[in-house]
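Visitor: Contents are compact mmCIF, C-alpha atoms; file name input_20.txt:
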```txt
# COMPACT_ATOMS: atom_id res chain seq x y z
CA MET A 200 0.00 0.00 0.00
CA PRO A 201 1.08 3.60 -0.46
CA VAL A 202 3.16 4.73 2.49
CA ASP A 203 0.58 7.36 3.43
CA HIS A 204 -2.06 4.77 4.21
CA TYR A 205 -0.63 2.70 7.03
CA GLU A 206 -2.56 4.87 9.50
CA ASN A 207 -5.81 3.85 7.82
CA PHE A 208 -5.02 0.25 6.95
CA PRO A 209 -3.00 -1.38 9.77
CA VAL A 210 -4.85 -4.66 9.25
CA ALA A 211 -2.49 -5.37 6.35
CA SER A 212 0.38 -5.95 8.75
CA VAL A 213 -1.74 -8.42 10.75
CA LEU A 214 -2.75 -10.51 7.75
CA LEU A 215 0.67 -10.45 6.10
CA PRO A 216 2.37 -13.88 6.06
CA ARG A 217 5.28 -13.88 8.52
CA ARG A 218 7.68 -14.96 5.78
CA LEU A 219 7.04 -11.70 3.92
CA VAL A 220 7.36 -9.36 6.91
CA PRO A 221 11.13 -8.70 6.49
CA ALA A 222 10.65 -7.95 2.80
CA VAL A 223 7.75 -5.57 3.38
CA GLU A 224 9.66 -3.86 6.19
CA ALA A 225 12.63 -3.31 3.86
CA ILE A 226 10.39 -1.83 1.15
CA TYR A 227 8.54 0.32 3.65
CA ALA A 228 11.79 1.62 5.20
CA PHE A 229 12.98 2.73 1.78
CA ALA A 230 9.68 4.38 0.82
CA ARG A 231 8.99 5.97 4.19
CA SER A 232 12.47 7.42 4.62
CA ALA A 233 12.57 8.73 1.05
CA ASP A 234 9.12 10.29 1.47
CA ASP A 235 10.27 11.99 4.67
CA LEU A 236 13.29 13.42 2.86
CA ALA A 237 10.90 15.12 0.46
CA ASP A 238 8.37 16.30 3.04
CA GLU A 239 9.70 16.58 6.57
CA GLY A 240 12.18 18.80 8.39
CA ASP A 241 13.67 22.15 7.44
CA ALA A 242 15.95 21.15 4.56
CA THR A 243 16.09 23.35 1.49
CA PRO A 244 14.69 22.06 -1.81
CA GLU A 245 18.25 21.62 -3.07
CA GLN A 246 19.17 19.52 -0.03
CA ARG A 247 16.05 17.37 -0.43
CA LEU A 248 16.77 16.69 -4.08
CA ALA A 249 20.39 15.86 -3.32
CA ALA A 250 19.32 13.37 -0.65
CA LEU A 251 16.88 11.71 -3.04
CA ALA A 252 19.60 11.59 -5.69
CA ALA A 253 21.70 9.61 -3.20
CA TYR A 254 18.85 7.10 -2.98
CA GLU A 255 18.89 6.80 -6.78
CA GLN A 256 22.62 6.13 -6.65
CA ALA A 257 22.00 3.41 -4.06
CA LEU A 258 19.51 1.78 -6.42
CA ASP A 259 22.15 1.89 -9.15
CA ALA A 260 24.56 0.16 -6.77
CA ILE A 261 21.97 -2.52 -6.02
CA ALA A 262 21.43 -3.06 -9.75
CA GLN A 263 25.19 -3.52 -10.21
CA GLY A 264 25.45 -5.93 -7.26
CA GLN A 265 27.87 -3.72 -5.37
CA ALA A 266 28.85 -4.56 -1.79
CA GLY A 267 29.33 -2.23 1.17
CA LEU A 268 25.91 -0.61 1.04
CA GLU A 269 24.44 1.16 4.04
CA PRO A 270 22.29 -1.19 6.20
CA MET A 271 18.90 -0.06 4.86
CA PHE A 272 19.99 -0.47 1.25
CA ALA A 273 21.78 -3.73 2.02
CA ARG A 274 18.53 -5.17 3.40
CA LEU A 275 16.66 -3.92 0.36
CA ALA A 276 19.26 -5.48 -1.95
CA GLU A 277 18.74 -8.86 -0.26
CA VAL A 278 14.98 -8.61 -0.74
CA VAL A 279 15.33 -7.54 -4.38
CA GLN A 280 17.56 -10.53 -5.05
CA GLN A 281 15.49 -13.03 -3.04
CA TYR A 282 12.19 -12.16 -4.75
CA ASP A 283 13.60 -10.98 -8.09
CA LEU A 284 11.91 -7.62 -7.62
CA PRO A 285 12.09 -5.01 -10.38
CA LEU A 286 13.92 -1.81 -9.45
CA GLN A 287 11.77 0.47 -11.61
CA PRO A 288 8.99 0.75 -8.97
CA PHE A 289 11.57 2.10 -6.50
CA ARG A 290 12.79 4.59 -9.10
CA ASP A 291 9.20 5.63 -9.75
CA LEU A 292 8.68 6.31 -6.05
CA LEU A 293 11.75 8.53 -5.98
CA SER A 294 10.48 10.35 -9.06
CA ALA A 295 7.22 11.14 -7.24
CA PHE A 296 9.03 12.23 -4.09
CA LYS A 297 11.27 14.54 -6.12
CA GLN A 298 8.14 15.98 -7.69
CA ASP A 299 6.79 16.70 -4.19
CA VAL A 300 9.71 19.05 -3.64
CA SER A 301 8.71 21.42 -6.44
CA VAL A 302 5.11 20.70 -7.45
CA THR A 303 2.35 21.86 -5.10
CA ARG A 304 -0.62 22.09 -7.49
CA TYR A 305 -2.15 19.76 -10.09
CA PRO A 306 -4.02 21.46 -12.94
CA SER A 307 -5.88 18.32 -14.08
CA TYR A 308 -7.06 14.93 -12.86
CA GLU A 309 -4.86 13.27 -15.49
CA LEU A 310 -1.75 14.89 -14.00
CA LEU A 311 -2.84 13.82 -10.52
CA LEU A 312 -3.24 10.25 -11.73
CA ASP A 313 0.23 10.44 -13.27
CA TYR A 314 1.57 11.39 -9.84
CA CYS A 315 -0.36 8.52 -8.21
CA ALA A 316 1.07 6.14 -10.81
CA ARG A 317 4.50 6.88 -9.33
CA SER A 318 3.71 7.69 -5.69
CA ALA A 319 1.28 4.86 -4.96
CA ASN A 320 0.99 2.23 -7.68
CA PRO A 321 4.62 1.02 -7.43
CA VAL A 322 4.01 -0.30 -3.93
CA GLY A 323 1.05 -2.36 -5.12
CA LEU A 324 3.20 -3.77 -7.91
CA LEU A 325 5.93 -4.69 -5.43
CA MET A 326 3.42 -6.42 -3.15
CA LEU A 327 2.04 -8.44 -6.06
CA SER A 328 5.61 -9.33 -7.01
CA LEU A 329 6.32 -10.61 -3.50
CA TYR A 330 3.33 -12.93 -3.84
CA GLY A 331 4.23 -13.94 -7.40
CA LYS A 332 0.95 -12.51 -8.72
CA ALA A 333 2.11 -9.58 -10.86
CA ASP A 334 0.41 -10.45 -14.16
CA ALA A 335 -1.04 -7.72 -16.38
CA GLU A 336 -4.65 -8.03 -15.18
CA ASN A 337 -3.69 -8.00 -11.52
CA VAL A 338 -1.37 -5.03 -11.95
CA ARG A 339 -4.10 -3.08 -13.76
CA ASP A 340 -6.56 -3.56 -10.88
CA SER A 341 -3.87 -2.99 -8.27
CA ASP A 342 -3.05 0.34 -9.92
CA ALA A 343 -6.71 1.37 -9.63
CA ILE A 344 -6.86 0.44 -5.95
CA CYS A 345 -3.57 2.14 -5.10
CA SER A 346 -4.43 5.34 -6.97
CA ALA A 347 -7.83 5.37 -5.28
CA LEU A 348 -6.21 4.99 -1.86
CA GLN A 349 -3.85 7.86 -2.61
CA ILE A 350 -6.71 10.10 -3.73
CA ILE A 351 -8.81 9.14 -0.71
CA ASN A 352 -5.91 10.18 1.48
CA PHE A 353 -5.81 13.53 -0.31
CA LEU A 354 -9.54 14.04 0.28
CA GLN A 355 -9.11 13.12 3.93
CA ASP A 356 -6.15 15.47 4.39
CA VAL A 357 -7.12 18.59 2.44
CA ALA A 358 -6.58 20.77 5.52
CA ILE A 359 -3.25 19.14 6.43
CA ASP A 360 -1.93 19.49 2.88
CA LEU A 361 -3.09 23.10 2.71
CA HIS A 362 -1.07 23.82 5.84
CA LYS A 363 1.94 22.51 3.87
CA GLU A 364 0.92 24.87 1.03
CA ARG A 365 -0.14 21.98 -1.17
CA ILE A 366 -3.40 21.35 -3.01
CA TYR A 367 -4.01 17.89 -4.41
CA LEU A 368 -7.55 18.59 -5.63
CA PRO A 369 -7.28 19.16 -9.39
CA LEU A 370 -7.47 22.87 -10.14
CA GLU A 371 -9.82 22.16 -13.04
CA ASP A 372 -12.30 20.70 -10.54
CA LEU A 373 -12.05 23.73 -8.27
CA ALA A 374 -12.78 25.95 -11.27
CA ARG A 375 -15.71 23.79 -12.36
CA TYR A 376 -17.35 24.14 -8.95
CA ALA A 377 -16.34 27.79 -8.50
CA VAL A 378 -14.13 27.10 -5.49
CA SER A 379 -11.14 29.42 -5.41
CA PRO A 380 -7.82 28.02 -4.16
CA ALA A 381 -7.54 31.17 -2.06
CA SER A 382 -10.80 30.29 -0.29
CA LEU A 383 -9.69 26.84 0.86
CA ASP A 384 -8.86 28.04 4.38
CA HIS A 385 -12.50 27.80 5.54
CA PRO A 386 -14.72 26.36 2.81
CA GLY A 387 -16.14 23.44 4.77
CA GLY A 388 -19.70 24.71 5.16
CA SER A 389 -20.25 26.14 1.68
CA ALA A 390 -22.56 24.51 -0.84
CA LYS A 391 -19.93 24.86 -3.58
CA TRP A 392 -17.37 23.01 -1.45
CA ARG A 393 -19.81 20.21 -0.69
CA SER A 394 -20.62 19.82 -4.38
CA LEU A 395 -16.92 19.66 -5.24
CA MET A 396 -16.16 17.09 -2.56
CA ARG A 397 -19.22 15.01 -3.46
CA PHE A 398 -17.86 14.78 -7.00
CA GLU A 399 -14.37 13.86 -5.76
CA VAL A 400 -15.70 11.20 -3.38
CA GLU A 401 -17.88 9.59 -6.05
CA ARG A 402 -15.01 9.50 -8.54
CA ALA A 403 -12.61 7.99 -5.98
CA ARG A 404 -15.22 5.37 -5.07
CA ALA A 405 -15.70 4.43 -8.73
CA LEU A 406 -11.94 4.09 -9.18
CA MET A 407 -11.67 1.88 -6.12
CA LEU A 408 -14.53 -0.34 -7.26
CA SER A 409 -12.99 -0.69 -10.72
CA GLY A 410 -10.01 -2.45 -9.13
CA ALA A 411 -11.98 -4.41 -6.53
CA PRO A 412 -12.25 -7.64 -8.62
CA LEU A 413 -8.57 -8.20 -7.82
CA ALA A 414 -9.56 -8.86 -4.21
CA VAL A 415 -11.80 -11.70 -5.39
CA ARG A 416 -9.35 -13.25 -7.85
CA LEU A 417 -6.54 -13.48 -5.31
CA ARG A 418 -6.91 -16.32 -2.86
CA GLY A 419 -5.73 -16.81 0.68
CA ARG A 420 -4.28 -14.12 2.89
CA ILE A 421 -3.46 -11.69 0.09
CA GLY A 422 -7.07 -11.74 -1.08
CA LEU A 423 -8.43 -11.22 2.43
CA GLU A 424 -5.87 -8.48 3.08
CA LEU A 425 -6.85 -6.70 -0.11
CA ARG A 426 -10.56 -6.96 0.66
CA MET A 427 -9.90 -5.26 3.99
CA VAL A 428 -7.88 -2.55 2.25
CA VAL A 429 -10.64 -1.91 -0.28
CA GLN A 430 -13.28 -1.79 2.43
CA GLY A 431 -11.10 0.50 4.55
CA GLY A 432 -10.84 2.96 1.67
CA LEU A 433 -14.57 2.83 1.02
CA ARG A 434 -15.27 3.39 4.70
CA ILE A 435 -13.10 6.53 4.72
CA LEU A 436 -15.19 7.87 1.84
CA GLU A 437 -18.33 7.17 3.85
CA ALA A 438 -16.81 8.99 6.80
CA ILE A 439 -16.17 12.02 4.60
CA GLU A 440 -19.82 11.95 3.57
CA GLU A 441 -20.96 11.58 7.17
CA VAL A 442 -19.26 14.84 8.19
CA ASP A 443 -21.00 16.51 5.22
CA TYR A 444 -17.64 16.85 3.45
CA ASP A 445 -16.29 19.26 6.10
CA VAL A 446 -12.86 17.67 6.47
CA PHE A 447 -11.52 20.91 7.92
CA ARG A 448 -13.29 20.71 11.26
CA ARG A 449 -13.50 16.92 11.50
CA ARG A 450 -10.81 14.91 9.78
CA PRO A 451 -12.33 11.48 9.02
CA LYS A 452 -10.37 8.52 10.33
CA LEU A 453 -11.16 4.92 11.13
CA THR A 454 -12.08 4.06 14.71
CA LYS A 455 -12.19 0.66 16.38
CA ARG A 456 -15.90 0.44 15.57
CA ASP A 457 -15.14 1.25 11.94
CA TRP A 458 -12.61 -1.57 11.82
CA ILE A 459 -15.22 -4.03 13.00
CA LYS A 460 -17.44 -2.86 10.14
CA VAL A 461 -14.54 -3.07 7.68
CA ALA A 462 -13.74 -6.62 8.79
CA TRP A 463 -17.37 -7.73 8.45
CA ARG A 464 -17.69 -6.17 5.01
CA GLY A 465 -14.40 -7.68 3.91
CA LEU A 466 -15.55 -11.15 4.91
CA ARG A 467 -18.81 -10.74 2.98
CA MET A 468 -17.29 -8.97 -0.01
CA LYS A 469 -16.10 -12.00 -1.94
CA ALA A 470 -19.49 -13.70 -2.07
CA ARG A 471 -21.29 -10.47 -2.95
CA MET A 472 -18.88 -9.64 -5.78
CA LYS A 473 -19.14 -13.14 -7.22
CA ARG A 474 -22.93 -12.80 -7.33
CA ALA A 475 -22.60 -9.38 -8.94
CA MET A 476 -20.25 -10.65 -11.64
CA LYS A 477 -22.54 -13.61 -12.46
CA SER A 478 -25.70 -11.53 -12.79
CA PRO A 479 -25.75 -8.41 -15.01
CA SER A 480 -28.84 -7.24 -13.11
CA ALA A 481 -26.74 -7.24 -9.94
CA ALA A 482 -23.89 -5.22 -11.41
CA ALA A 483 -24.64 -2.33 -9.07
CA LEU A 484 -24.66 -4.57 -6.01
CA PRO A 485 -22.90 -2.68 -3.19
CA LEU A 486 -19.81 -4.19 -1.64
CA GLU A 487 -20.82 -3.29 1.93
```
What does the file become when written as structure tokens?

Guide:
Amino acid sequence: MPVDHYENFPVASVLLPRRLVPAVEAIYAFARSADDLADEGDATPEQRLAALAAYEQALDAIAQGQAGLEPMFARLAEVVQQYDLPLQPFRDLLSAFKQDVSVTRYPSYELLLDYCARSANPVGLLMLSLYGKADAENVRDSDAICSALQIINFLQDVAIDLHKERIYLPLEDLARYAVSPASLDHPGGSAKWRSLMRFEVERARALMLSGAPLAVRLRGRIGLELRMVVQGGLRILEAIEEVDYDVFRRRPKLTKRDWIKVAWRGLRMKARMKRAMKSPSAAALPLE
């Protein structure tokens, strides 16, 4: 899952097979630390980019089989070799993190999806690779789920991102609903804001559901884990709706009660989706 989402989806670590824990920890350490280099602390943009460039050089060293790597990269090199992982997803993550240093606005939804394709989707690809399930159909649906999770996180954290002087809502959408970027400090109660967020929530939900069949195709723990992840994302969208889209005063997050609901829905999801796929008249069957 994208590194931003561990707060919302901790169940993944519970369901993960113990044999894969060291590999996932190595991937997460790389992604989390690189993301922090781009976002956290008081470093200048030049210093952030230089630090991320050092990560790229470490990936080059891993590709060349060099010894003497720093511990974090040495662990990653072992995982890459053990599971024959591609290095391009790691390079894509770094590309997105470098973009975070200089890009704070996204004019269109297409450009936002391009960012998600590098900031979120690579982690889904790596997880599928660890399980040996990275065929074209699975990767396509994984990309949809990961991008949806990233966008859901943006919708959840509009206020937090604004404090960092970032706006991840496409500017074309703000213009369509007559919401000025300058008015984002306190838009929570306005009808225009609610209309904008309703559109964003519905689009994110559709994207998530487009990838949901992956959670049915995959068997065992990975399938159950993914069903929980999908349901967790859908539940966050519901939580945004329940606060009437005012994520400024009440940031939606999953509670213990929510997790019980997510678990129940995840357990029922497989049977409901199978019925939906068998019957065209049930195509709109909800996954809850």

Visitor: With region 350-360 of chain A as the partner and 10 Å as the cut-off, tabulate the residues of region 373-481 of chain A that qualify, each row holding the nearest pair of atoms and their distance in Å to one decimal, using all atoms listed in the file, sorted by chain and rising number, as CSV.

Guide:
```
residue,atom,partner,partner_atom,distance
A:Leu383,CA,A:Ala358,CA,8.3
A:Asp384,CA,A:Ala358,CA,7.7
A:His385,CA,A:Ala358,CA,9.2
A:Gly387,CA,A:Ala358,CA,10.0
A:Met396,CA,A:Leu354,CA,7.8
A:Glu399,CA,A:Leu354,CA,7.7
A:Val400,CA,A:Ile351,CA,7.7
A:Arg402,CA,A:Ile350,CA,9.6
A:Ala403,CA,A:Ile351,CA,6.6
A:Arg404,CA,A:Ile351,CA,8.6
A:Leu406,CA,A:Ile350,CA,9.7
A:Met407,CA,A:Ile351,CA,9.5
A:Gly432,CA,A:Ile351,CA,6.9
A:Leu433,CA,A:Ile351,CA,8.7
A:Ile435,CA,A:Ile351,CA,7.4
A:Leu436,CA,A:Ile351,CA,7.0
A:Ala438,CA,A:Gln355,CA,9.2
A:Ile439,CA,A:Gln355,CA,7.2
A:Tyr444,CA,A:Leu354,CA,9.1
A:Asp445,CA,A:Gln355,CA,9.7
A:Val446,CA,A:Gln355,CA,6.4
A:Phe447,CA,A:Ala358,CA,5.5
A:Arg448,CA,A:Ala358,CA,8.8
A:Arg449,CA,A:Gln355,CA,9.5
A:Arg450,CA,A:Gln355,CA,6.3
A:Pro451,CA,A:Gln355,CA,6.2
A:Lys452,CA,A:Gln355,CA,8.0
```

Visitor: Next, the residues of the selection above should be written as a PDB file, keeping the file's coordinate frame with C-alpha atoms.

Guide:
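Writing done, so here's part.pdb:
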```pdb
ATOM      1  CA  LEU A 383      -9.690  26.840   0.860  1.00  0.00           C
ATOM      2  CA  ASP A 384      -8.860  28.040   4.380  1.00  0.00           C
ATOM      3  CA  HIS A 385     -12.500  27.800   5.540  1.00  0.00           C
ATOM      4  CA  GLY A 387     -16.140  23.440   4.770  1.00  0.00           C
ATOM      5  CA  MET A 396     -16.160  17.090  -2.560  1.00  0.00           C
ATOM      6  CA  GLU A 399     -14.370  13.860  -5.760  1.00  0.00           C
ATOM      7  CA  VAL A 400     -15.700  11.200  -3.380  1.00  0.00           C
ATOM      8  CA  ARG A 402     -15.010   9.500  -8.540  1.00  0.00           C
ATOM      9  CA  ALA A 403     -12.610   7.990  -5.980  1.00  0.00           C
ATOM     10  CA  ARG A 404     -15.220   5.370  -5.070  1.00  0.00           C
ATOM     11  CA  LEU A 406     -11.940   4.090  -9.180  1.00  0.00           C
ATOM     12  CA  MET A 407     -11.670   1.880  -6.120  1.00  0.00           C
ATOM     13  CA  GLY A 432     -10.840   2.960   1.670  1.00  0.00           C
ATOM     14  CA  LEU A 433     -14.570   2.830   1.020  1.00  0.00           C
ATOM     15  CA  ILE A 435     -13.100   6.530   4.720  1.00  0.00           C
ATOM     16  CA  LEU A 436     -15.190   7.870   1.840  1.00  0.00           C
ATOM     17  CA  ALA A 438     -16.810   8.990   6.800  1.00  0.00           C
ATOM     18  CA  ILE A 439     -16.170  12.020   4.600  1.00  0.00           C
ATOM     19  CA  TYR A 444     -17.640  16.850   3.450  1.00  0.00           C
ATOM     20  CA  ASP A 445     -16.290  19.260   6.100  1.00  0.00           C
ATOM     21  CA  VAL A 446     -12.860  17.670   6.470  1.00  0.00           C
ATOM     22  CA  PHE A 447     -11.520  20.910   7.920  1.00  0.00           C
ATOM     23  CA  ARG A 448     -13.290  20.710  11.260  1.00  0.00           C
ATOM     24  CA  ARG A 449     -13.500  16.920  11.500  1.00  0.00           C
ATOM     25  CA  ARG A 450     -10.810  14.910   9.780  1.00  0.00           C
ATOM     26  CA  PRO A 451     -12.330  11.480   9.020  1.00  0.00           C
ATOM     27  CA  LYS A 452     -10.370   8.520  10.330  1.00  0.00           C
TER      28      LYS A 452
END
```

Visitor: Using only C-alpha atoms, find each residue in region 276-310 of chain A having at least one atom no more than 10 Å away from region 230-240 of chain A; report its shortest atom-to-atom pair and that distance in Å (one decimal), rows by chain then rising number, as CSV.

Guide:
```
residue,atom,partner,partner_atom,distance
A:Phe289,CA,A:Ala230,CA,7.9
A:Leu292,CA,A:Ala230,CA,7.2
A:Leu293,CA,A:Ala233,CA,7.1
A:Ala295,CA,A:Asp234,CA,9.0
A:Phe296,CA,A:Ala237,CA,5.7
A:Lys297,CA,A:Ala237,CA,6.6
A:Gln298,CA,A:Ala237,CA,8.6
A:Asp299,CA,A:Ala237,CA,6.4
A:Val300,CA,A:Ala237,CA,5.8
A:Ser301,CA,A:Ala237,CA,9.6
```

Visitor: Export, as a JSON list (two decimals), in the coordinates of the input, the selected residues with C-alpha atoms.

Guide:
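Generated output (part_2.json):
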```json
[["chain", "number", "residue", "atom", "x", "y", "z"],
["A", 289, "PHE", "CA", 11.57, 2.10, -6.50],
["A", 292, "LEU", "CA", 8.68, 6.31, -6.05],
["A", 293, "LEU", "CA", 11.75, 8.53, -5.98],
["A", 295, "ALA", "CA", 7.22, 11.14, -7.24],
["A", 296, "PHE", "CA", 9.03, 12.23, -4.09],
["A", 297, "LYS", "CA", 11.27, 14.54, -6.12],
["A", 298, "GLN", "CA", 8.14, 15.98, -7.69],
["A", 299, "ASP", "CA", 6.79, 16.70, -4.19],
["A", 300, "VAL", "CA", 9.71, 19.05, -3.64],
["A", 301, "SER", "CA", 8.71, 21.42, -6.44]]
```

Visitor: From the set A:Ala253, A:Ala266, A:Val442, A:Leu348, which residue has the shortest atom-to-atom contact distance to Arg393 (chain A), counting all atoms listed in the file?

Guide: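 That would be A:Val442, the residue with the smallest distance to Arg393 (chain A).
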
Visitor: Using all atoms listed in the file, which residue out of A:Gln265, A:Ala414, A:Ala374, A:Leu368 lies closest to Ser341 (chain A)?

Guide: A:Ala414

Visitor: Can you work out the spacing between CA of Gln281 (chain A) and CA of Arg420 (chain A) in Å, to one decimal?

Guide: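 Between CA of Gln281 (chain A) and CA of Arg420 (chain A) the gap is 20.7 Å.
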
Visitor: To one decimal place, how far is CA of Val278 (chain A) from CA of Val220 (chain A) in Å?

Guide: 10.8 Å

Visitor: What is the CA of Glu336 (chain A)-CA of Tyr367 (chain A) distance in Å, reported with one decimal?

Guide: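 Separation between CA of Glu336 (chain A) and CA of Tyr367 (chain A): 28.1 Å.
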
Visitor: Which residue is closest to Asp334 (chain A)? Choose from A:Arg304, A:Arg317, A:His362, A:Arg416 and count only C-alpha atoms.

Guide: A:Arg416

Visitor: When you count only C-alpha atoms, which of these residues is closest to Ala225 (chain A): A:Ala242, A:Val279, A:Ala335, A:Ala249?

Guide: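 The answer is A:Val279, which sits nearest to Ala225 (chain A).
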
Visitor: Counting all atoms listed in the file, figure out which residue out of A:Gln246, A:Gln349, A:Gln430, A:Gln263 gets nearest to Asp313 (chain A).

Guide: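 That would be A:Gln349, the residue with the smallest distance to Asp313 (chain A).
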
Visitor: What's the 12 Å shell around Ala381 (chain A), counting all atoms listed in the file, without same-chain residues fewer than 4 positions away, as a list in words?

Guide: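 Counting all atoms listed in the file, the residues come to Leu361, Glu364, Arg365, Ile366, Leu370, Leu373, Ala374, Ala377, His385 and Pro386 of chain A.
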
Visitor: May I ask which of the residues A:Met468, A:Ala347, A:Ala260, A:Ala273 is the closest one to Glu401 (chain A), counting all atoms listed in the file?

Guide: A:Ala347

Visitor: Box for region 462-467 of chain A: with edges along x, y and z, all listed atoms inside and 5 Å added on each side, what are the centre and edge lengths in Å to one decimal, as JSON?

Guide:
```
{"center_x": -16.3, "center_y": -8.7, "center_z": 5.9, "size_x": 15.1, "size_y": 15.0, "size_z": 15.8}
```

Visitor: Using all atoms listed in the file, can you list as a PDB file with C-alpha atoms, in the coordinates of the input the residues within 10 Å of (3.7, 1.9, -3.5)?

Guide:
```pdb
ATOM      1  CA  MET A 200       0.000   0.000   0.000  1.00  0.00           C
ATOM      2  CA  PRO A 201       1.080   3.600  -0.460  1.00  0.00           C
ATOM      3  CA  VAL A 202       3.160   4.730   2.490  1.00  0.00           C
ATOM      4  CA  ASP A 203       0.580   7.360   3.430  1.00  0.00           C
ATOM      5  CA  ILE A 226      10.390  -1.830   1.150  1.00  0.00           C
ATOM      6  CA  TYR A 227       8.540   0.320   3.650  1.00  0.00           C
ATOM      7  CA  ALA A 230       9.680   4.380   0.820  1.00  0.00           C
ATOM      8  CA  PRO A 288       8.990   0.750  -8.970  1.00  0.00           C
ATOM      9  CA  PHE A 289      11.570   2.100  -6.500  1.00  0.00           C
ATOM     10  CA  ASP A 291       9.200   5.630  -9.750  1.00  0.00           C
ATOM     11  CA  LEU A 292       8.680   6.310  -6.050  1.00  0.00           C
ATOM     12  CA  CYS A 315      -0.360   8.520  -8.210  1.00  0.00           C
ATOM     13  CA  ALA A 316       1.070   6.140 -10.810  1.00  0.00           C
ATOM     14  CA  ARG A 317       4.500   6.880  -9.330  1.00  0.00           C
ATOM     15  CA  SER A 318       3.710   7.690  -5.690  1.00  0.00           C
ATOM     16  CA  ALA A 319       1.280   4.860  -4.960  1.00  0.00           C
ATOM     17  CA  ASN A 320       0.990   2.230  -7.680  1.00  0.00           C
ATOM     18  CA  PRO A 321       4.620   1.020  -7.430  1.00  0.00           C
ATOM     19  CA  VAL A 322       4.010  -0.300  -3.930  1.00  0.00           C
ATOM     20  CA  GLY A 323       1.050  -2.360  -5.120  1.00  0.00           C
ATOM     21  CA  LEU A 324       3.200  -3.770  -7.910  1.00  0.00           C
ATOM     22  CA  LEU A 325       5.930  -4.690  -5.430  1.00  0.00           C
ATOM     23  CA  MET A 326       3.420  -6.420  -3.150  1.00  0.00           C
ATOM     24  CA  ASP A 342      -3.050   0.340  -9.920  1.00  0.00           C
ATOM     25  CA  CYS A 345      -3.570   2.140  -5.100  1.00  0.00           C
ATOM     26  CA  SER A 346      -4.430   5.340  -6.970  1.00  0.00           C
ATOM     27  CA  GLN A 349      -3.850   7.860  -2.610  1.00  0.00           C
TER      28      GLN A 349
END
```
